[in-house]
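Heads up, input-v9.txt below (compact mmCIF, C-alpha atoms and all ligand atoms):
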```
# COMPACT_ATOMS: atom_id res chain seq x y z
CA MET V 1 -91.95 64.91 135.37
CA GLY V 2 -90.29 68.29 135.35
CA SER V 3 -87.61 69.41 137.72
CA PRO V 4 -88.99 70.60 141.03
CA LEU V 5 -87.24 73.94 140.58
CA LEU V 6 -88.65 74.74 137.14
CA PRO V 7 -92.31 75.13 136.25
CA ALA V 8 -93.33 72.55 133.62
CA GLU V 9 -93.70 75.02 130.72
CA ALA V 10 -90.24 76.45 131.40
CA ALA V 11 -88.64 73.03 131.51
CA THR V 12 -88.61 72.25 127.78
CA ALA V 13 -86.66 74.03 125.06
CA THR V 14 -85.32 73.70 121.51
CA VAL V 15 -81.60 73.18 120.97
CA VAL V 16 -80.24 75.78 118.54
CA ARG V 17 -76.53 74.98 118.76
CA VAL V 18 -74.33 72.22 120.17
CA ASP V 19 -70.74 72.52 121.39
CA ALA V 20 -68.56 69.84 122.93
CA ARG V 21 -69.91 70.21 126.46
CA GLN V 22 -72.47 72.96 126.20
CA CYS V 23 -75.62 73.73 124.18
CA GLU V 24 -77.55 76.83 123.29
CA ILE V 25 -81.29 76.63 123.70
CA LEU V 26 -84.40 78.66 122.95
CA ARG V 27 -87.60 78.40 124.92
CA ALA V 28 -91.00 78.61 123.25
CA GLY V 29 -92.10 82.24 123.11
CA GLU V 30 -88.68 83.55 124.13
CA SER V 31 -86.20 85.10 121.74
CA GLU V 32 -83.11 85.07 123.91
CA VAL V 33 -80.71 82.20 123.36
CA ARG V 34 -79.21 80.71 126.50
CA ALA V 35 -76.23 78.45 127.14
CA VAL V 36 -76.81 75.35 129.26
CA GLN V 37 -74.71 72.33 130.29
CA MET V 38 -75.38 68.72 129.34
CA ARG V 39 -75.77 66.13 132.08
CA GLY V 40 -73.10 63.44 131.96
CA ARG V 41 -75.63 60.62 131.91
CA LEU V 42 -76.81 61.72 128.43
CA TRP V 43 -73.67 60.06 127.02
CA GLU V 44 -74.54 56.67 128.50
CA LYS V 45 -77.54 56.22 126.23
CA SER V 46 -76.03 57.11 122.86
CA SER V 47 -72.63 55.49 122.44
CA ASP V 48 -73.09 55.17 118.64
CA ASP V 49 -73.41 58.92 118.39
CA LYS V 50 -70.77 61.62 118.32
CA SER V 51 -72.96 63.73 120.57
CA PRO V 52 -76.09 62.85 122.54
CA VAL V 53 -77.75 66.17 121.68
CA ALA V 54 -78.36 67.64 118.21
CA VAL V 55 -79.66 70.88 116.77
CA GLY V 56 -83.45 70.73 116.57
CA ASP V 57 -83.82 68.50 119.61
CA GLN V 58 -86.53 69.17 122.13
CA VAL V 59 -85.02 68.79 125.57
CA ARG V 60 -86.08 68.74 129.17
CA LEU V 61 -84.11 71.05 131.43
CA GLU V 62 -83.44 70.77 135.08
CA LEU V 63 -82.00 73.17 137.57
CA ASP V 64 -79.66 72.31 140.38
CA GLU V 65 -76.85 73.94 142.31
CA ASP V 66 -74.63 73.86 139.15
CA GLY V 67 -77.23 75.78 137.15
CA GLU V 68 -79.55 74.86 134.30
CA ALA V 69 -78.74 71.70 132.35
CA ILE V 70 -80.20 69.34 129.75
CA ALA V 71 -81.50 66.32 131.62
CA GLU V 72 -83.18 64.46 128.76
CA VAL V 73 -83.60 64.55 124.98
CA LEU V 74 -87.28 64.08 124.14
CA PRO V 75 -88.18 61.48 121.48
CA ARG V 76 -87.19 62.64 117.99
CA ARG V 77 -89.57 62.77 115.04
CA ASN V 78 -86.63 62.13 112.71
CA ALA V 79 -82.86 62.54 112.52
CA PHE V 80 -80.78 63.62 109.54
CA ALA V 81 -77.37 62.04 110.04
CA ARG V 82 -74.08 61.21 108.37
CA ARG V 83 -71.08 59.11 109.23
CA ALA V 84 -68.60 61.21 111.20
CA ALA V 85 -65.46 62.38 109.43
CA GLY V 86 -62.22 60.44 109.06
CA GLU V 87 -61.75 57.12 110.87
CA ASP V 88 -64.65 57.83 113.19
CA VAL V 89 -67.50 55.40 112.37
CA ARG V 90 -69.99 56.94 114.76
CA ARG V 91 -73.20 58.64 113.69
CA GLN V 92 -73.10 62.40 113.50
CA VAL V 93 -76.61 63.76 113.79
CA LEU V 94 -76.81 66.97 111.76
CA ALA V 95 -80.34 68.00 112.67
CA THR V 96 -83.49 66.51 114.16
CA ASN V 97 -87.25 67.11 114.04
CA VAL V 98 -87.15 68.70 110.59
CA ASP V 99 -89.84 68.95 107.91
CA GLN V 100 -87.42 68.99 105.01
CA VAL V 101 -83.82 68.83 103.93
CA VAL V 102 -82.96 71.76 101.67
CA LEU V 103 -80.16 70.25 99.65
CA VAL V 104 -78.10 73.08 98.19
CA ALA V 105 -75.82 72.46 95.21
CA CYS V 106 -74.40 74.97 92.79
CA PHE V 107 -72.78 75.72 89.45
CA GLY V 108 -69.32 77.21 89.14
CA THR V 109 -67.34 76.77 92.35
CA PRO V 110 -67.57 74.13 93.71
CA PRO V 111 -68.73 72.39 90.53
CA PHE V 112 -72.02 70.48 90.60
CA SER V 113 -71.46 66.95 91.97
CA SER V 114 -74.11 64.34 91.13
CA ILE V 115 -72.47 61.84 93.44
CA THR V 116 -72.67 64.13 96.46
CA THR V 117 -76.21 65.18 95.57
CA ASP V 118 -77.36 61.57 95.22
CA ARG V 119 -75.68 60.55 98.46
CA ILE V 120 -77.48 63.25 100.40
CA LEU V 121 -80.80 62.47 98.69
CA ALA V 122 -80.54 58.78 99.56
CA THR V 123 -79.66 59.66 103.16
CA ALA V 124 -82.64 61.99 103.51
CA SER V 125 -84.88 59.28 102.04
CA PHE V 126 -83.45 56.74 104.51
CA ALA V 127 -84.33 59.16 107.33
CA ASP V 128 -87.80 59.54 105.75
CA ILE V 129 -87.41 63.31 105.30
CA PRO V 130 -88.59 65.05 102.09
CA THR V 131 -85.99 66.99 100.12
CA THR V 132 -86.10 70.24 98.20
CA LEU V 133 -83.19 70.62 95.80
CA VAL V 134 -81.80 74.13 95.40
CA LEU V 135 -79.47 74.72 92.45
CA ASN V 136 -77.69 77.95 93.36
CA LYS V 137 -75.33 80.27 91.44
CA ILE V 138 -77.41 80.09 88.26
CA ASP V 139 -75.63 83.34 87.36
CA ARG V 140 -72.55 81.16 86.87
CA SER V 141 -73.92 78.68 84.36
CA LYS V 142 -75.46 78.32 80.91
CA PRO V 143 -79.22 77.68 80.68
CA ARG V 144 -78.70 74.36 78.90
CA LYS V 145 -76.57 72.91 81.70
CA ILE V 146 -79.01 74.19 84.34
CA GLU V 147 -81.96 72.60 82.51
CA GLU V 148 -80.18 69.29 82.14
CA ILE V 149 -79.40 68.95 85.85
CA ALA V 150 -82.74 70.34 87.02
CA GLY V 151 -84.48 67.91 84.64
CA THR V 152 -82.69 64.89 86.12
CA TYR V 153 -84.10 65.66 89.56
CA GLN V 154 -87.51 66.98 88.51
CA LYS V 155 -88.05 63.55 86.94
CA LEU V 156 -87.78 62.13 90.46
CA ASP V 157 -90.76 64.28 91.48
CA MET V 158 -88.93 66.52 93.84
CA GLN V 159 -89.19 70.27 94.12
CA VAL V 160 -86.22 71.86 92.34
CA LEU V 161 -85.53 75.57 92.83
CA LEU V 162 -83.12 77.61 90.73
CA THR V 163 -81.52 80.46 92.65
CA SER V 164 -78.81 83.04 92.73
CA ALA V 165 -77.94 84.50 96.09
CA GLU V 166 -75.90 87.00 94.10
CA THR V 167 -78.74 88.45 91.98
CA GLY V 168 -81.66 87.39 94.19
CA ASP V 169 -83.23 85.31 91.41
CA GLY V 170 -85.43 82.53 92.80
CA CYS V 171 -85.01 83.66 96.39
CA GLU V 172 -88.69 84.50 96.77
CA ALA V 173 -89.68 81.00 95.74
CA LEU V 174 -87.13 79.66 98.22
CA THR V 175 -88.60 81.78 101.01
CA GLU V 176 -92.07 80.45 100.18
CA ALA V 177 -90.78 76.90 100.43
CA LEU V 178 -89.50 77.60 103.96
CA VAL V 179 -92.31 79.48 105.69
CA GLY V 180 -93.97 77.51 108.46
CA LYS V 181 -91.53 74.59 108.22
CA VAL V 182 -88.34 73.52 109.92
CA SER V 183 -85.69 73.13 107.21
CA VAL V 184 -82.09 71.98 107.42
CA PHE V 185 -79.79 73.45 104.76
CA TYR V 186 -77.20 70.97 103.68
CA GLY V 187 -74.62 70.75 100.90
CA LEU V 188 -70.93 71.06 100.11
CA SER V 189 -68.89 73.91 101.52
CA GLY V 190 -69.11 77.04 99.40
CA VAL V 191 -72.36 76.27 97.54
CA GLY V 192 -74.01 79.33 99.13
CA LYS V 193 -76.16 78.00 101.99
CA SER V 194 -75.48 80.92 104.32
CA SER V 195 -75.70 83.47 101.50
CA LEU V 196 -79.15 82.13 100.56
CA LEU V 197 -80.33 82.24 104.16
CA ASN V 198 -79.28 85.87 104.44
CA ARG V 199 -81.41 86.53 101.33
CA VAL V 200 -84.38 84.75 102.89
CA GLU V 201 -84.30 86.94 105.95
CA ASP V 202 -82.14 90.04 106.30
CA GLY V 203 -81.85 89.95 110.05
CA LEU V 204 -80.17 86.55 110.12
CA GLY V 205 -76.81 88.17 109.30
CA ILE V 206 -74.94 84.88 108.98
CA ARG V 207 -71.28 85.16 108.10
CA THR V 208 -70.46 84.04 104.55
CA ARG V 209 -67.22 83.63 102.74
CA GLU V 210 -65.61 86.85 101.58
CA VAL V 211 -65.20 87.07 97.84
CA SER V 212 -61.45 87.37 98.26
CA GLU V 213 -61.15 84.19 100.36
CA SER V 214 -60.09 81.21 98.30
CA LEU V 215 -62.49 78.27 98.09
CA LYS V 216 -59.44 76.07 97.79
CA SER V 217 -58.20 76.99 101.24
CA GLY V 218 -60.34 74.12 102.57
CA ARG V 219 -61.72 76.28 105.33
CA HIS V 220 -65.41 76.23 106.07
CA THR V 221 -67.08 79.57 106.60
CA THR V 222 -69.84 78.15 108.74
CA THR V 223 -68.21 76.16 111.52
CA TYR V 224 -71.22 74.93 113.49
CA ALA V 225 -74.86 74.08 112.84
CA ARG V 226 -77.28 76.70 114.12
CA LEU V 227 -81.06 76.96 114.14
CA TYR V 228 -82.66 80.32 113.39
CA ARG V 229 -86.34 81.05 113.84
CA LEU V 230 -87.90 82.82 110.87
CA ALA V 231 -89.97 85.94 111.48
CA ALA V 232 -92.51 84.63 108.95
CA GLY V 233 -92.87 81.35 110.88
CA GLY V 234 -90.82 78.20 110.88
CA ALA V 235 -87.09 77.81 111.32
CA VAL V 236 -83.96 77.13 109.33
CA ILE V 237 -80.83 75.26 110.33
CA ASP V 238 -77.61 76.39 108.67
CA THR V 239 -74.87 73.76 108.70
CA PRO V 240 -71.17 73.73 107.89
CA GLY V 241 -70.71 72.24 104.44
CA ALA V 242 -68.93 68.96 104.09
CA ARG V 243 -66.23 68.25 101.54
CA THR V 244 -67.46 64.68 101.24
CA PHE V 245 -70.62 63.08 102.49
CA ARG V 246 -70.79 59.54 103.85
CA PRO V 247 -74.18 58.16 104.75
CA TRP V 248 -74.64 56.41 108.06
CA GLY V 249 -76.59 53.24 108.68
CA ILE V 250 -78.12 52.46 105.27
CA PRO V 251 -77.99 48.67 104.88
CA PRO V 252 -76.47 48.01 101.40
CA HIS V 253 -79.46 45.97 100.19
CA GLU V 254 -81.79 48.83 101.12
CA LEU V 255 -80.00 51.49 99.11
CA ARG V 256 -82.03 50.59 95.99
CA LEU V 257 -85.19 51.65 97.84
CA HIS V 258 -83.80 55.16 98.30
CA TYR V 259 -83.31 55.74 94.60
CA LYS V 260 -86.82 56.53 93.41
CA GLU V 261 -86.40 55.27 89.83
CA LEU V 262 -84.77 52.04 91.01
CA ARG V 263 -87.53 51.47 93.52
CA GLU V 264 -90.09 51.80 90.75
CA ILE V 265 -88.37 49.64 88.13
CA GLY V 266 -86.86 47.08 90.55
CA PRO V 267 -89.97 44.87 90.89
CA GLY V 268 -89.48 43.98 87.20
CA CYS V 269 -86.15 42.23 87.89
CA ARG V 270 -85.98 38.42 87.83
CA PHE V 271 -84.71 38.22 91.42
CA PRO V 272 -86.63 40.04 94.15
CA ALA V 273 -83.34 40.72 95.98
CA CYS V 274 -81.66 42.05 92.82
CA LEU V 275 -79.08 44.74 93.64
CA HIS V 276 -78.99 45.89 89.98
CA ARG V 277 -75.29 45.27 89.73
CA ASP V 278 -74.69 42.44 87.29
CA GLU V 279 -77.58 40.05 87.92
CA PRO V 280 -79.27 38.31 84.95
CA ASP V 281 -82.59 39.75 83.69
CA CYS V 282 -82.19 42.96 85.68
CA ALA V 283 -84.93 45.39 84.64
CA VAL V 284 -82.99 48.34 86.06
CA LEU V 285 -79.83 47.67 84.07
CA ALA V 286 -81.99 47.16 80.97
CA ALA V 287 -83.72 50.50 81.54
CA ALA V 288 -80.36 52.20 82.06
CA GLU V 289 -79.13 50.65 78.82
CA ARG V 290 -82.11 52.18 77.00
CA GLY V 291 -81.27 55.57 78.51
CA GLU V 292 -84.35 55.62 80.74
CA ILE V 293 -82.28 56.14 83.89
CA THR V 294 -79.85 59.06 84.01
CA ALA V 295 -76.32 57.66 83.68
CA SER V 296 -74.96 59.76 86.58
CA ARG V 297 -77.65 58.34 88.88
CA MET V 298 -76.76 54.77 87.93
CA ARG V 299 -73.06 55.53 88.50
CA SER V 300 -73.63 57.11 91.90
CA TYR V 301 -75.80 54.15 92.95
CA HIS V 302 -73.09 51.64 92.06
CA GLU V 303 -70.39 53.68 93.77
CA LEU V 304 -72.38 54.14 96.95
CA LEU V 305 -73.47 50.49 97.00
CA ALA V 306 -69.86 49.32 96.77
CA GLU V 307 -68.88 51.71 99.53
CA LEU V 308 -71.68 50.60 101.86
CA GLN V 309 -70.78 46.94 101.22
CA ALA V 310 -67.10 47.59 101.95
CA GLY V 311 -68.08 49.42 105.14
CA ILE V 312 -69.93 46.34 106.40
CA GLU V 313 -67.03 44.00 105.69
CA ASN V 314 -64.59 46.21 107.63
N1 LIG M 401 -71.82 84.08 91.78
C1 LIG M 401 -72.43 83.67 92.88
N2 LIG M 401 -71.75 83.55 94.04
C2 LIG M 401 -72.42 83.11 95.13
C3 LIG M 401 -73.80 82.80 95.09
N3 LIG M 401 -74.17 82.37 96.34
C4 LIG M 401 -73.07 82.43 97.11
N4 LIG M 401 -72.01 82.87 96.41
C5 LIG M 401 -70.63 83.06 96.89
O1 LIG M 401 -70.10 81.76 97.21
C6 LIG M 401 -69.25 81.84 98.34
C7 LIG M 401 -69.67 80.85 99.41
O2 LIG M 401 -70.91 81.23 99.97
P1 LIG M 401 -71.38 80.80 101.44
O3 LIG M 401 -72.77 81.28 101.59
O4 LIG M 401 -70.39 81.17 102.47
O5 LIG M 401 -71.36 79.20 101.26
P2 LIG M 401 -71.77 78.08 102.33
O6 LIG M 401 -72.49 77.01 101.58
O7 LIG M 401 -72.49 78.69 103.47
O8 LIG M 401 -70.32 77.51 102.78
P3 LIG M 401 -69.91 76.82 104.20
O9 LIG M 401 -70.39 77.67 105.29
O10 LIG M 401 -68.42 76.69 104.12
O11 LIG M 401 -70.58 75.45 104.19
C8 LIG M 401 -69.30 83.31 98.79
O12 LIG M 401 -68.19 83.98 98.27
C9 LIG M 401 -70.58 83.84 98.18
O13 LIG M 401 -70.54 85.22 97.94
C10 LIG M 401 -74.49 82.94 93.86
O14 LIG M 401 -75.68 82.67 93.71
N5 LIG M 401 -73.76 83.37 92.79
MG MG M 402 -72.13 78.72 105.48
ZN ZN M 403 -82.16 44.49 89.06
```
Could you show the structure in this file as structure tokens?
Ligand SMILES: Nc1nc2c(ncn2[C@@H]2O[C@H](COP(=O)(O)OP(=O)(O)OP(=O)(O)O)[C@@H](O)[C@H]2O)c(=O)[nH]1
Ligand SMILES: [Mg+2]
Ligand SMILES: [Zn+2]
Amino acid sequence: MGSPLLPAEAATATVVRVDARQCEILRAGESEVRAVQMRGRLWEKSSDDKSPVAVGDQVRLELDEDGEAIAEVLPRRNAFARRAAGEDVRRQVLATNVDQVVLVACFGTPPFSSITTDRILATASFADIPTTLVLNKIDRSKPRKIEEIAGTYQKLDMQVLLTSAETGDGCEALTEALVGKVSVFYGLSGVGKSSLLNRVEDGLGIRTREVSESLKSGRHTTTYARLYRLAAGGAVIDTPGARTFRPWGIPPHELRLHYKELREIGPGCRFPACLHRDEPDCAVLAAAERGEITASRMRSYHELLAELQAGIEN
């Protein structure tokens, strides 16, 4: 049921940006972004969440004497989320209703982090969203190092793109991977998410870090998540990079299912509930010993498992 004051087709919209009390929305077929309020009752339903509305949400609007407002968030197809920063244990939804997570990592500054990459991959898998890995700033690294890292992730059967937002290398392939889909760009601050998006489509004009600004200043260039429609079809969501990434909601015993190689080898362990930590006759640990599982993947799994277990005990 739509609001009596708005015709049904005008009553739904896509959220392109979320502020503390206000959202920006786009209606189907319209190109002008509009600011609307959020109804107070939205908070009643989502107490585990930092905000009841997220970028990518489809919402129902209603109009009353205070103006246009979001009355309801329509059911989500999926939600890419992390644990909020600091002491906050609530869920922070980064984007919803997406076709893929474009996980951006880079060489140079900040240095490539397998632990962060693996955390984000496991989280996307937990949310049942496919991932494309983009290794950016290839102009800053030696071919051998690039091949080694790309190889680790290609083995997991995911699409790996090598790019340089500086030279434009690989940006055409990236554009092809985006057309017709809704993609959320995610990765550490400074890896080049906004720079890549500006390469994908000129008109986006997203602000990126000036060359003279220090990466060590700890400031994020992108300060809020924002959805942009692509002229070629589809949409991209640029997000502020994190300095660390903590998954939200993965039960510790399920983590092994979100590491593809562990999921495949795990059924060979003696115990069906094996966590591949120190159990006897563990097929995963044996495979790692033989060098069949990349050491950095095994390390990140153990670190993340311990962290998820500690989180539950708290
Ligand atoms: N050498 C080189 N520098 C790059 C490349 N891509 C981006 N940069 C530089 O890296 C810095 C950070 O780029 P941004 O696009 O702002 O990074 P971001 O991931 O959007 O960062 P946040 O918005 O803070 O999350 C800028 O100074 C860019 O010019 C690249 O491929 N090669
Ligand atoms: Mg940015
Ligand atoms: Zn095992």
Query raised in the report: Got a sec: who's within 12 Å of segment 294-310 of chain V, counting all atoms listed in the file, leaving out chain neighbours fewer than 2 positions off, as a ChimeraX atom specification?
Result: /V:83,112-123,148-149,151-156,245-262,275-278,284-292,312-314
**Report entry** Shortest interatomic distance to Glu30 of chain V - which of V:Thr12, V:Ser141, V:Asn198, V:Thr175, counting only C-alpha atoms
**Finding:**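 Nearest candidate to Glu30 of chain V out of V:Thr12, V:Ser141, V:Asn198, V:Thr175: V:Thr12.
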Query raised in the report: To one decimal place, how far is atom CA of Thr239 of chain V from atom CA of Leu103 of chain V in Å?
Result: 11.1 Å
Query raised in the report: So how many Å separate atom CA of Ala35 of chain V and atom CA of Arg21 of chain V, to one decimal?
Result: 10.4 Å
Query raised in the report: Using only C-alpha atoms and all ligand atoms, which protein or nucleic acid residues are at most 12 Å from ligand MG 402 (chain M), as a ChimeraX atom specification?
Result: /V:104,185-198,205-210,219-226,237-242
Wanna dump the segment 15-93 of chain V-segment 124-135 of chain V contacts at 12 Å for me, each residue with its shortest atom pair and the distance in Å to one decimal, counting all atoms listed in the file, ordered by chain and number, as CSV?
```
residue,atom,partner,partner_atom,distance
V:Arg76,CA,V:Ala127,CA,11.6
V:Arg77,CA,V:Ile129,CA,10.0
V:Asn78,CA,V:Ala127,CA,6.6
V:Ala79,CA,V:Ala127,CA,6.4
V:Phe80,CA,V:Ala127,CA,6.1
V:Ala81,CA,V:Ala127,CA,8.0
V:Arg82,CA,V:Ala124,CA,9.9
V:Val93,CA,V:Ala127,CA,11.1
```
Output the selection as a PDB file, in the frame of the given file - C-alpha atoms for each residue.
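What landed in result_17.pdb:
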```pdb
ATOM      1  CA  ARG V  76     -87.190  62.640 117.990  1.00  0.00           C
ATOM      2  CA  ARG V  77     -89.570  62.770 115.040  1.00  0.00           C
ATOM      3  CA  ASN V  78     -86.630  62.130 112.710  1.00  0.00           C
ATOM      4  CA  ALA V  79     -82.860  62.540 112.520  1.00  0.00           C
ATOM      5  CA  PHE V  80     -80.780  63.620 109.540  1.00  0.00           C
ATOM      6  CA  ALA V  81     -77.370  62.040 110.040  1.00  0.00           C
ATOM      7  CA  ARG V  82     -74.080  61.210 108.370  1.00  0.00           C
ATOM      8  CA  VAL V  93     -76.610  63.760 113.790  1.00  0.00           C
TER       9      VAL V  93
END
```
Requested in this report: Give the answer as one residue: which of V:Arg199, V:Arg263, V:Arg243, V:Lys137 has the shortest atom-to-atom distance to ligand LIG 401 (chain M), using only C-alpha atoms and all ligand atoms?
Outcome: V:Lys137
Query raised in the report: Which of these residues is nearest to Gln92 of chain V, using all atoms listed in the file: V:Gly29, V:Pro110, V:Gly266, V:Pro52?
Result: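 Among V:Gly29, V:Pro110, V:Gly266, V:Pro52, it is V:Pro52 that comes nearest to Gln92 of chain V.
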Query - Closest of V:Ser51, V:Ser31, V:Asn97, V:Asn136 to Thr109 of chain V - atom-to-atom distances counting all atoms listed in the file - result: V:Asn136
Report task. Please measure the separation of atom CA of Gly234 of chain V and atom CA of Arg39 of chain V, giving the value in Å to one decimal. Result ->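 Atom CA of Arg39 of chain V lies at a distance of 28.7 Å from atom CA of Gly234 of chain V.
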Can you pull out every residue within 8 Å of Leu174 of chain V, counting only C-alpha atoms, but drop anything in the same chain fewer than 5 positions away, and send it as a PDB file with C-alpha atoms, in the coordinates of the input?
```pdb
ATOM      1  CA  LEU V 161     -85.530  75.570  92.830  1.00  0.00           C
ATOM      2  CA  THR V 163     -81.520  80.460  92.650  1.00  0.00           C
ATOM      3  CA  VAL V 200     -84.380  84.750 102.890  1.00  0.00           C
TER       4      VAL V 200
END
```
Query - Nearest-residue call for Cys23 of chain V, choices V:Ser47, V:Arg270, V:Val55, V:Ser183, using only C-alpha atoms - result: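 The shortest atom-to-atom distance to Cys23 of chain V comes from V:Val55.
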**Report entry** Gly40 of chain V surroundings by all atoms listed in the file, 12 Å radius, close-in-sequence under 5 positions cut, as a PyMOL selection string
**Finding:** chain V and resi 20-22+45-46+51-53+69-72
Requested in this report: Tell me which of V:Val98, V:Ala150, V:Ala54, V:Ala105 sits closest to Ile25 of chain V, counting all atoms listed in the file.
Outcome: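 Once distances to Ile25 of chain V are computed over all atoms listed in the file, the minimum belongs to V:Ala54.
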